[in-house]
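Dumped structure.tsv below, it's TSV, C-alpha atoms:
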chain	number	residue	atom	x	y	z
A	1	MET	CA	-15.99	22.17	-5.28
A	2	ILE	CA	-14.00	20.27	-2.67
A	3	VAL	CA	-12.34	23.21	-0.92
A	4	SER	CA	-14.66	26.20	-0.61
A	5	SER	CA	-12.76	28.31	1.92
A	6	LEU	CA	-9.10	29.25	2.29
A	7	LEU	CA	-9.57	28.58	6.00
A	8	ASP	CA	-9.98	24.89	5.15
A	9	THR	CA	-6.37	24.16	6.05
A	10	ASP	CA	-4.24	23.52	9.12
A	11	LEU	CA	-3.44	26.28	11.58
A	12	TYR	CA	0.31	25.83	11.30
A	13	LYS	CA	0.16	27.00	7.70
A	14	PHE	CA	-0.99	30.43	8.88
A	15	SER	CA	1.46	30.60	11.79
A	16	MET	CA	4.38	29.70	9.49
A	17	MET	CA	3.13	32.01	6.74
A	18	GLN	CA	3.21	34.98	9.11
A	19	VAL	CA	6.88	34.30	9.85
A	20	VAL	CA	7.57	34.05	6.12
A	21	LEU	CA	5.90	37.42	5.49
A	22	HIS	CA	7.85	39.15	8.23
A	23	GLN	CA	11.25	37.47	7.94
A	24	TYR	CA	11.62	35.62	4.60
A	25	PRO	CA	9.35	37.31	2.03
A	26	ALA	CA	11.81	36.72	-0.84
A	27	ALA	CA	12.41	33.00	-0.24
A	28	GLN	CA	11.81	30.73	-3.26
A	29	VAL	CA	10.83	27.11	-2.70
A	30	GLU	CA	9.88	23.85	-4.39
A	31	TYR	CA	7.48	21.20	-3.08
A	32	ARG	CA	6.85	17.74	-4.49
A	33	PHE	CA	4.07	15.20	-4.10
A	34	LYS	CA	4.52	11.53	-3.19
A	35	CYS	CA	2.01	8.70	-2.91
A	36	ARG	CA	3.49	5.99	-0.70
A	37	ASN	CA	0.81	3.40	-1.54
A	38	PRO	CA	2.11	0.95	-4.15
A	39	GLY	CA	-0.01	0.33	-7.21
A	40	VAL	CA	-2.39	3.30	-6.86
A	41	ASP	CA	-3.17	4.76	-10.30
A	42	LEU	CA	-3.94	8.48	-9.98
A	43	VAL	CA	-3.32	9.38	-13.63
A	44	PRO	CA	-7.01	9.08	-14.69
A	45	TYR	CA	-7.88	11.79	-12.16
A	46	ILE	CA	-5.42	14.49	-13.27
A	47	ASP	CA	-8.01	16.56	-15.15
A	48	GLU	CA	-10.38	16.45	-12.19
A	49	ILE	CA	-7.60	17.43	-9.79
A	50	GLN	CA	-6.66	20.28	-12.13
A	51	ALA	CA	-10.26	21.51	-12.16
A	52	GLU	CA	-10.39	21.48	-8.36
A	53	LEU	CA	-7.05	23.29	-8.24
A	54	LYS	CA	-8.44	25.99	-10.52
A	55	ALA	CA	-11.45	26.35	-8.23
A	56	LEU	CA	-9.13	26.57	-5.19
A	57	CYS	CA	-7.21	29.39	-6.88
A	58	SER	CA	-10.42	31.36	-7.38
A	59	LEU	CA	-10.98	31.70	-3.65
A	60	ARG	CA	-10.33	34.81	-1.59
A	61	PHE	CA	-10.59	35.35	2.16
A	62	THR	CA	-13.95	36.84	3.09
A	63	GLU	CA	-14.30	39.71	5.54
A	64	PRO	CA	-15.85	37.46	8.25
A	65	GLU	CA	-12.93	35.04	7.80
A	66	LEU	CA	-10.40	37.87	8.09
A	67	ASP	CA	-12.17	39.15	11.20
A	68	HIS	CA	-11.90	35.66	12.65
A	69	LEU	CA	-8.15	35.54	12.02
A	70	ARG	CA	-7.76	39.05	13.38
A	71	SER	CA	-9.29	37.91	16.68
A	72	TRP	CA	-6.35	35.56	17.43
A	73	ARG	CA	-3.85	37.08	19.83
A	74	PHE	CA	-0.77	35.88	17.89
A	75	ILE	CA	-1.87	37.09	14.43
A	76	LYS	CA	-0.52	40.53	13.47
A	77	SER	CA	-2.71	43.10	11.77
A	78	ASP	CA	-0.37	43.51	8.77
A	79	PHE	CA	-0.58	39.77	8.11
A	80	VAL	CA	-4.38	39.94	7.99
A	81	ASP	CA	-4.08	42.94	5.65
A	82	PHE	CA	-1.85	40.82	3.41
A	83	LEU	CA	-4.33	37.92	3.46
A	84	ALA	CA	-7.08	40.34	2.38
A	85	LEU	CA	-5.15	40.72	-0.89
A	86	PHE	CA	-3.99	37.10	-1.13
A	87	GLN	CA	-4.98	34.61	-3.80
A	88	LEU	CA	-3.41	31.28	-4.79
A	89	ASN	CA	-2.20	31.08	-8.38
A	90	THR	CA	-2.25	28.00	-10.63
A	91	LYS	CA	0.95	29.14	-12.36
A	92	TYR	CA	2.97	27.81	-9.43
A	93	VAL	CA	1.61	24.24	-9.74
A	94	GLU	CA	2.35	21.52	-12.30
A	95	ILE	CA	0.45	18.21	-12.33
A	96	PHE	CA	1.38	15.49	-14.83
A	97	PRO	CA	1.83	11.70	-15.13
A	98	SER	CA	5.08	10.25	-13.83
A	99	PRO	CA	7.61	9.62	-16.62
A	100	LEU	CA	7.91	6.08	-15.21
A	101	GLY	CA	4.45	5.29	-16.58
A	102	ASN	CA	3.47	3.44	-13.40
A	103	GLY	CA	0.24	5.25	-12.58
A	104	GLU	CA	1.92	7.71	-10.25
A	105	ILE	CA	1.51	11.42	-10.75
A	106	GLU	CA	3.89	14.29	-10.24
A	107	ILE	CA	2.79	17.45	-8.48
A	108	ARG	CA	5.40	20.19	-8.32
A	109	ILE	CA	4.83	23.51	-6.61
A	110	ILE	CA	7.53	26.06	-7.42
A	111	GLY	CA	7.53	29.74	-6.53
A	112	PRO	CA	7.76	32.26	-3.69
A	113	TRP	CA	7.33	30.58	-0.31
A	114	LEU	CA	4.90	33.31	0.72
A	115	HIS	CA	2.64	32.55	-2.25
A	116	THR	CA	2.90	28.75	-2.27
A	117	ILE	CA	2.81	27.77	1.42
A	118	LEU	CA	-0.99	27.43	1.46
A	119	PHE	CA	-1.13	24.88	-1.39
A	120	GLU	CA	-0.07	21.72	0.48
A	121	VAL	CA	-3.01	20.91	2.73
A	122	PRO	CA	-5.92	21.70	0.38
A	123	LEU	CA	-4.17	20.02	-2.56
A	124	LEU	CA	-3.72	16.81	-0.57
A	125	ALA	CA	-7.36	16.98	0.52
A	126	ILE	CA	-8.34	17.43	-3.14
A	127	VAL	CA	-6.30	14.42	-4.32
A	128	ASN	CA	-7.85	12.28	-1.58
A	129	GLU	CA	-11.43	13.26	-2.25
A	130	VAL	CA	-11.11	13.00	-6.04
A	131	TYR	CA	-9.61	9.54	-5.67
A	132	PHE	CA	-12.23	8.21	-3.26
A	133	ARG	CA	-15.27	9.68	-4.99
A	134	ASN	CA	-14.13	7.93	-8.18
A	135	SER	CA	-12.90	4.65	-6.69
A	136	CYS	CA	-15.74	4.39	-4.15
A	137	PRO	CA	-18.72	6.25	-5.65
A	138	ASP	CA	-21.78	6.53	-3.42
A	139	TYR	CA	-19.88	4.77	-0.65
A	140	ASP	CA	-22.00	3.89	2.39
A	141	LEU	CA	-20.41	5.47	5.46
A	142	THR	CA	-22.25	3.22	7.92
A	143	GLU	CA	-19.07	1.30	8.70
A	144	GLY	CA	-17.14	4.52	9.22
A	145	ARG	CA	-19.78	5.74	11.69
A	146	ARG	CA	-19.67	2.44	13.56
A	147	ARG	CA	-15.88	2.62	13.87
A	148	LEU	CA	-16.05	6.23	15.01
A	149	GLN	CA	-18.56	5.42	17.76
A	150	GLU	CA	-16.32	2.57	18.94
A	151	LYS	CA	-13.42	4.98	19.29
A	152	ILE	CA	-15.52	7.49	21.19
A	153	ALA	CA	-16.82	4.79	23.53
A	154	LEU	CA	-13.34	3.39	24.15
A	155	LEU	CA	-11.87	6.75	25.09
A	156	SER	CA	-14.81	8.16	27.02
A	157	SER	CA	-15.92	5.04	28.90
A	158	THR	CA	-12.66	3.42	29.97
A	159	PRO	CA	-11.96	4.22	33.63
A	160	GLY	CA	-8.87	6.34	34.25
A	161	TYR	CA	-8.81	8.15	30.90
A	162	GLN	CA	-11.11	11.08	31.61
A	163	GLU	CA	-8.15	13.46	31.40
A	164	CYS	CA	-6.94	11.99	28.10
A	165	ARG	CA	-7.71	14.49	25.34
A	166	ILE	CA	-7.29	14.14	21.61
A	167	ALA	CA	-7.36	16.57	18.70
A	168	ASP	CA	-8.27	16.13	15.04
A	169	TYR	CA	-5.21	16.39	12.76
A	170	GLY	CA	-6.82	14.74	9.74
A	171	THR	CA	-7.34	17.39	7.05
A	172	ARG	CA	-4.68	16.24	4.59
A	173	ARG	CA	-5.81	12.62	4.26
A	174	ARG	CA	-9.54	12.85	4.89
A	175	PHE	CA	-12.03	10.71	2.98
A	176	SER	CA	-13.99	13.83	2.07
A	177	ARG	CA	-14.68	17.30	3.40
A	178	GLN	CA	-18.25	16.36	4.32
A	179	TRP	CA	-17.06	13.27	6.23
A	180	HIS	CA	-14.36	15.31	7.97
A	181	ARG	CA	-16.98	17.75	9.25
A	182	GLU	CA	-19.22	14.90	10.42
A	183	VAL	CA	-16.32	13.22	12.22
A	184	VAL	CA	-15.30	16.33	14.13
A	185	ALA	CA	-18.89	17.27	14.98
A	186	THR	CA	-19.51	13.72	16.24
A	187	LEU	CA	-16.33	13.77	18.31
A	188	HIS	CA	-17.33	17.14	19.76
A	189	GLU	CA	-20.70	15.76	20.79
A	190	GLY	CA	-19.44	12.39	22.01
A	191	LEU	CA	-16.23	13.38	23.77
A	192	GLY	CA	-17.01	16.83	25.12
A	193	MET	CA	-13.93	18.18	26.88
A	194	GLN	CA	-11.92	15.14	25.78
A	195	LEU	CA	-11.78	16.71	22.32
A	196	ALA	CA	-9.09	19.37	22.64
A	197	GLY	CA	-9.77	20.89	19.23
A	198	THR	CA	-8.85	20.55	15.57
A	199	SER	CA	-5.96	21.60	13.37
A	200	ASN	CA	-8.46	22.68	10.70
A	201	VAL	CA	-9.19	26.41	10.95
A	202	TRP	CA	-12.43	26.26	8.95
A	203	LEU	CA	-13.88	23.49	11.11
A	204	ALA	CA	-12.74	25.16	14.31
A	205	ARG	CA	-14.65	28.28	13.28
A	206	GLU	CA	-17.69	26.32	12.08
A	207	LEU	CA	-18.00	24.18	15.22
A	208	GLY	CA	-16.72	26.57	17.89
A	209	LEU	CA	-13.59	24.54	18.62
A	210	ARG	CA	-10.04	25.54	19.44
A	211	PRO	CA	-7.70	25.60	16.42
A	212	LEU	CA	-4.40	23.83	17.16
A	213	GLY	CA	-0.95	23.89	15.59
A	214	THR	CA	2.40	25.64	15.56
A	215	LEU	CA	5.01	24.68	12.93
A	216	ALA	CA	5.80	21.90	10.46
A	217	HIS	CA	8.92	20.26	9.05
A	218	GLU	CA	9.09	22.64	6.08
A	219	TYR	CA	9.79	25.56	8.42
A	220	LEU	CA	12.94	23.98	9.84
A	221	GLN	CA	13.96	22.52	6.49
A	222	ALA	CA	13.81	25.92	4.78
A	223	HIS	CA	16.28	27.32	7.30
A	224	GLN	CA	18.93	25.06	5.78
A	225	ALA	CA	18.98	27.62	2.95
A	226	LEU	CA	18.02	30.86	4.69
A	227	GLY	CA	21.34	32.31	5.78
A	228	PRO	CA	23.07	30.74	8.77
A	229	ARG	CA	25.60	27.96	8.35
A	230	LEU	CA	23.91	24.61	8.04
A	231	ARG	CA	24.93	23.38	11.50
A	232	ASP	CA	23.18	26.39	13.06
A	233	SER	CA	20.00	26.18	10.98
A	234	GLN	CA	17.87	24.40	13.60
A	235	VAL	CA	18.81	26.94	16.26
A	236	ALA	CA	18.17	29.79	13.81
A	237	ALA	CA	14.70	28.43	13.04
A	238	LEU	CA	13.75	28.21	16.71
A	239	GLU	CA	15.12	31.68	17.41
A	240	ALA	CA	13.24	33.16	14.46
A	241	TRP	CA	10.06	31.53	15.78
A	242	ALA	CA	10.64	32.96	19.25
A	243	LYS	CA	11.28	36.40	17.73
A	244	GLU	CA	7.95	36.27	15.92
A	245	TYR	CA	5.75	34.87	18.68
A	246	ARG	CA	7.51	35.97	21.89
A	247	GLY	CA	6.65	32.78	23.79
A	248	ASP	CA	3.33	32.03	22.10
A	249	LEU	CA	2.77	28.90	19.96
A	250	GLY	CA	5.59	27.25	21.88
A	251	ILE	CA	5.71	23.65	20.63
A	252	ALA	CA	9.00	22.66	18.95
A	253	LEU	CA	9.17	19.90	16.32
A	254	SER	CA	11.92	17.44	17.19
A	255	ASP	CA	12.56	15.13	14.23
A	256	VAL	CA	13.89	17.08	11.25
A	257	TYR	CA	17.40	15.75	11.99
A	258	GLY	CA	16.45	13.04	14.45
A	259	LEU	CA	16.06	13.37	18.18
A	260	THR	CA	19.76	13.24	19.11
A	261	ALA	CA	20.58	16.25	16.92
A	262	PHE	CA	17.49	18.06	18.18
A	263	LEU	CA	18.40	17.62	21.83
A	264	ARG	CA	21.94	18.91	21.17
A	265	ASP	CA	20.41	22.17	19.95
A	266	PHE	CA	17.47	22.31	22.35
A	267	ASP	CA	19.48	23.69	25.25
A	268	MET	CA	18.38	25.10	28.60
A	269	TYR	CA	17.28	28.35	26.97
A	270	PHE	CA	14.92	26.60	24.57
A	271	CYS	CA	13.80	24.11	27.23
A	272	LYS	CA	12.59	27.01	29.36
A	273	LEU	CA	11.31	29.15	26.49
A	274	PHE	CA	9.20	26.61	24.59
A	275	ASP	CA	6.08	25.07	26.13
A	276	GLY	CA	6.92	21.61	24.84
A	277	THR	CA	7.93	19.40	21.94
A	278	ARG	CA	6.14	17.34	19.28
A	279	HIS	CA	6.82	13.73	18.30
A	280	ASP	CA	6.26	12.78	14.65
A	281	SER	CA	8.53	9.79	13.91
A	282	GLY	CA	10.26	6.89	15.61
A	283	ASP	CA	9.32	5.03	18.80
A	284	PRO	CA	7.08	7.43	20.78
A	285	PHE	CA	7.78	5.79	24.14
A	286	ALA	CA	11.56	5.96	23.73
A	287	TRP	CA	11.23	9.52	22.41
A	288	GLY	CA	9.18	10.62	25.40
A	289	GLU	CA	11.59	9.10	27.91
A	290	ARG	CA	14.56	10.85	26.30
A	291	VAL	CA	12.79	14.22	26.16
A	292	LEU	CA	11.72	14.03	29.81
A	293	ALA	CA	15.26	13.10	30.83
A	294	HIS	CA	16.55	16.04	28.78
A	295	TYR	CA	14.26	18.45	30.62
A	296	GLN	CA	15.47	17.12	33.97
A	297	ALA	CA	19.11	17.42	32.89
A	298	ASN	CA	18.43	21.07	32.05
A	299	ARG	CA	16.83	21.78	35.42
A	300	VAL	CA	13.30	22.03	34.01
A	301	ASP	CA	10.38	20.30	35.71
A	302	PRO	CA	8.90	17.97	33.04
A	303	ARG	CA	5.48	18.36	34.65
A	304	SER	CA	5.45	21.96	33.41
A	305	LYS	CA	6.04	20.92	29.79
A	306	ILE	CA	3.86	19.38	27.06
A	307	LEU	CA	4.65	16.30	25.02
A	308	VAL	CA	2.60	16.31	21.81
A	309	PHE	CA	2.24	12.97	20.00
A	310	SER	CA	1.09	13.05	16.38
A	311	ASP	CA	2.62	10.14	14.47
A	312	SER	CA	0.18	7.58	13.01
A	313	LEU	CA	-1.94	7.46	16.13
A	314	ASP	CA	-5.11	5.51	16.79
A	315	ILE	CA	-7.13	5.55	20.02
A	316	PRO	CA	-5.57	2.40	21.59
A	317	LYS	CA	-2.08	3.82	20.98
A	318	VAL	CA	-3.14	7.17	22.43
A	319	MET	CA	-4.36	5.38	25.55
A	320	ARG	CA	-1.13	3.40	25.94
A	321	LEU	CA	0.92	6.58	25.68
A	322	PHE	CA	-1.36	8.38	28.12
A	323	LYS	CA	-1.06	5.57	30.67
A	324	HIS	CA	2.72	5.51	30.33
A	325	PHE	CA	3.35	9.27	30.68
A	326	HIS	CA	0.35	10.51	32.68
A	327	GLY	CA	1.39	12.53	35.72
A	328	ARG	CA	4.97	12.94	34.53
A	329	CYS	CA	4.26	15.78	32.06
A	330	GLN	CA	1.39	17.44	30.24
A	331	LEU	CA	0.12	15.47	27.25
A	332	ALA	CA	-1.52	16.19	23.91
A	333	PHE	CA	-2.45	13.82	21.10
A	334	GLY	CA	-3.17	14.67	17.47
A	335	VAL	CA	-4.97	11.89	15.60
A	336	GLY	CA	-5.20	12.19	11.82
A	337	THR	CA	-5.99	9.53	9.22
A	338	ASN	CA	-7.40	7.07	11.77
A	339	LEU	CA	-10.19	9.56	12.49
A	340	THR	CA	-10.89	11.15	9.11
A	341	ASN	CA	-10.26	8.22	6.74
A	342	ASP	CA	-11.14	5.03	8.60
A	343	VAL	CA	-14.33	4.09	6.79
A	344	GLY	CA	-13.39	0.82	5.07
A	345	PRO	CA	-11.29	1.38	1.92
A	346	ALA	CA	-7.54	1.67	2.52
A	347	PRO	CA	-6.56	5.34	2.98
A	348	LEU	CA	-3.96	6.97	0.78
A	349	ASN	CA	-0.59	7.72	2.33
A	350	ILE	CA	0.19	10.90	0.41
A	351	VAL	CA	2.44	13.83	1.24
A	352	ILE	CA	3.67	17.09	-0.26
A	353	LYS	CA	7.12	18.02	1.04
A	354	MET	CA	9.48	20.91	0.49
A	355	VAL	CA	12.56	19.68	-1.42
A	356	ARG	CA	14.31	22.96	-2.32
A	357	CYS	CA	14.66	26.46	-0.93
A	358	ASN	CA	16.45	29.32	-2.68
A	359	GLY	CA	17.73	26.92	-5.31
A	360	GLN	CA	19.39	24.41	-3.00
A	361	PRO	CA	18.12	21.06	-1.71
A	362	VAL	CA	16.58	20.81	1.74
A	363	ALA	CA	15.64	17.65	3.60
A	364	LYS	CA	14.64	16.04	6.83
A	365	LEU	CA	16.26	12.97	8.33
A	366	SER	CA	13.54	11.79	10.66
A	367	ASP	CA	13.58	8.89	13.09
A	368	SER	CA	11.41	6.87	10.66
A	369	PRO	CA	13.22	5.87	7.43
A	370	GLY	CA	10.09	5.91	5.26
A	371	LYS	CA	9.48	9.58	5.97
A	372	ASN	CA	12.71	10.85	4.45
A	373	MET	CA	12.24	12.62	1.13
A	374	CYS	CA	14.93	14.37	-0.88
A	375	ASP	CA	16.10	14.38	-4.50
A	376	ASP	CA	19.82	14.83	-3.80
A	377	GLU	CA	21.65	11.94	-2.12
A	378	ALA	CA	24.92	13.89	-1.96
A	379	TYR	CA	23.16	16.55	0.08
A	380	ILE	CA	21.68	13.90	2.38
A	381	ALA	CA	25.18	12.56	3.01
A	382	TYR	CA	26.44	16.06	3.75
A	383	LEU	CA	23.52	16.71	6.09
A	384	ARG	CA	24.30	13.52	8.00
A	385	GLN	CA	27.92	14.58	8.33
A	386	VAL	CA	27.12	18.10	9.54
A	387	PHE	CA	24.62	16.93	12.16
A	388	ASP	CA	26.57	13.77	13.02
A	389	ILE	CA	23.68	11.48	12.06
A	390	PRO	CA	24.54	7.79	11.58
A	391	VAL	CA	23.62	6.20	8.27
A	392	ILE	CA	20.68	4.20	9.59
A	393	THR	CA	18.01	5.35	7.17
A	394	GLU	CA	17.22	4.72	3.55
A	395	VAL	CA	16.69	7.83	1.44
A	396	GLU	CA	13.31	7.99	-0.23
A	397	SER	CA	13.88	9.89	-3.45
A	398	ALA	CA	11.44	12.53	-4.59
A	399	ALA	CA	12.81	12.35	-8.11
File written out as structure tokens:
Amino acid sequence: MIVSSLLDTDLYKFSMMQVVLHQYPAAQVEYRFKCRNPGVDLVPYIDEIQAELKALCSLRFTEPELDHLRSWRFIKSDFVDFLALFQLNTKYVEIFPSPLGNGEIEIRIIGPWLHTILFEVPLLAIVNEVYFRNSCPDYDLTEGRRRLQEKIALLSSTPGYQECRIADYGTRRRFSRQWHREVVATLHEGLGMQLAGTSNVWLARELGLRPLGTLAHEYLQAHQALGPRLRDSQVAALEAWAKEYRGDLGIALSDVYGLTAFLRDFDMYFCKLFDGTRHDSGDPFAWGERVLAHYQANRVDPRSKILVFSDSLDIPKVMRLFKHFHGRCQLAFGVGTNLTNDVGPAPLNIVIKMVRCNGQPVAKLSDSPGKNMCDDEAYIAYLRQVFDIPVITEVESAA
């Protein structure tokens, strides 16, 4: 059984799920899977993935796990009461070979947002582990351990980087659950205070680390269909978040419509209210410079705000970003695949993205063309028009 606890997911799934329970309990959504690696044949593993999905849907939160969630200051008691009754259901998930016959598989998750939001992270972890335990059976992790020790030594031993802290963001694309645990435990031992924590709630509890995370793209995308006019959807999403958390979990995600559109909406009120912003696509150095300038233009001291970098990071890139921005703001770095799936074989670049909410398409138009995913090109064109986004990206179809 690959996933043995419903806590084996990223923190932002719980923080978003609480908002869904309180503000959007009737929302209906659709997610779709995409493997961005060309030529990877996942069809032979469908039955095994289905079996792991069935096992996932047998899980319930245990009382110690619920007590752990209840101890967080931002989790409401009624949400924990709901989780005590919660169980994932296989009826919301379809897995089948792509009609194109090219070895790709389709995974579609369709149902109430409240009852499907927890599928994404464990399902991706399942696909990864099933693939690697079949394609690399009995793989020797010696090379992975060597690479991990090199990363620890580089970050901990290079003069001037003692204040540079990283976090594990690697649940979705990990080589295996066992390797993920070993990686985080090794980082904890080797980096000490330079390990800020992990996005994985189960590992944070197991290893006594700080769980990290706020919100993901799906949260802002869903607001395209949740009531306000489309142009106001980003503002509505941020305001709904502030209503729920009253200043807690204050990191805003900046790339659902690209940085220019984000900064138009992220006015002085939001600059002062939110603790910082997260980068997840495009040039991180250019992004950081623009965000710091935006804070200054809105009479906010950038040194009081956090820039979170989380896009395809490795340790050398983390160190370059730290050197460039250190002293000008607070910094945080979330490293994913390069920590939890850098053992030798090429990692899978797989995602599960929301593509519909309440029957209408939703999308993101990030600052990296390859990250766009939507099945309705007419809607993409309309979204660009509404948010005044130049046609500089190529739509990656989820169809």
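Shortest atom-to-atom contact with Ile110 of chain A among A:Cys357, A:Val386, A:Cys35, A:Met16: A:Cys357, counting all atoms listed in the file.
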Would you compute an axis-aligned box for segment 320-329 of chain A, covering every atom listed for it in the file with 4 Å of margin on each side, and report centre and edge lengths in Å to one decimal as lines of an AutoDock Vina configuration file?
center_x = 1.8
center_y = 9.6
center_z = 30.7
size_x = 14.3
size_y = 20.4
size_z = 18.0
* **Shell around Glu120 of chain A at 12 Å using only C-alpha atoms, local window under 3 positions removed, as an MDAnalysis selection string** => chainID A and resid 6 8:10 12:13 30:34 53 56 88 93 107:110 113 115:117 123:127 171:173 216 218 350:354
* To do: Write out as a ChimeraX atom specification which residues come within 10 Å of Glu52 of chain A when counting all atoms listed in the file, dropping same-chain ones fewer than 3 positions away.
  => /A:1-3,46-49,55-58,122-123,126-127,130
Pull the closest atom pair for each residue of segment 125-199 of chain A that gets at most 12 Å from segment 292-313 of chain A, along with the distance in Å to one decimal, counting only C-alpha atoms, ordering rows by chain and then ascending residue number, as a tab-separated table.
residue	atom	partner	partner_atom	distance
A:Arg165	CA	A:Val308	CA	11.0
A:Ile166	CA	A:Phe309	CA	9.7
A:Ala167	CA	A:Ser310	CA	9.4
A:Asp168	CA	A:Ser310	CA	9.9
A:Tyr169	CA	A:Ser310	CA	8.0
A:Gly170	CA	A:Ser310	CA	10.5
A:Arg173	CA	A:Ser312	CA	11.7
A:Ser199	CA	A:Ser310	CA	11.5
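A straight line drawn from atom CA of Ala363 of chain A to atom CA of Ala381 of chain A is 10.8 Å long.
Shortest atom-to-atom contact with Gln18 of chain A among A:Arg133, A:His326, A:Lys243, A:His180: A:Lys243, counting only C-alpha atoms.
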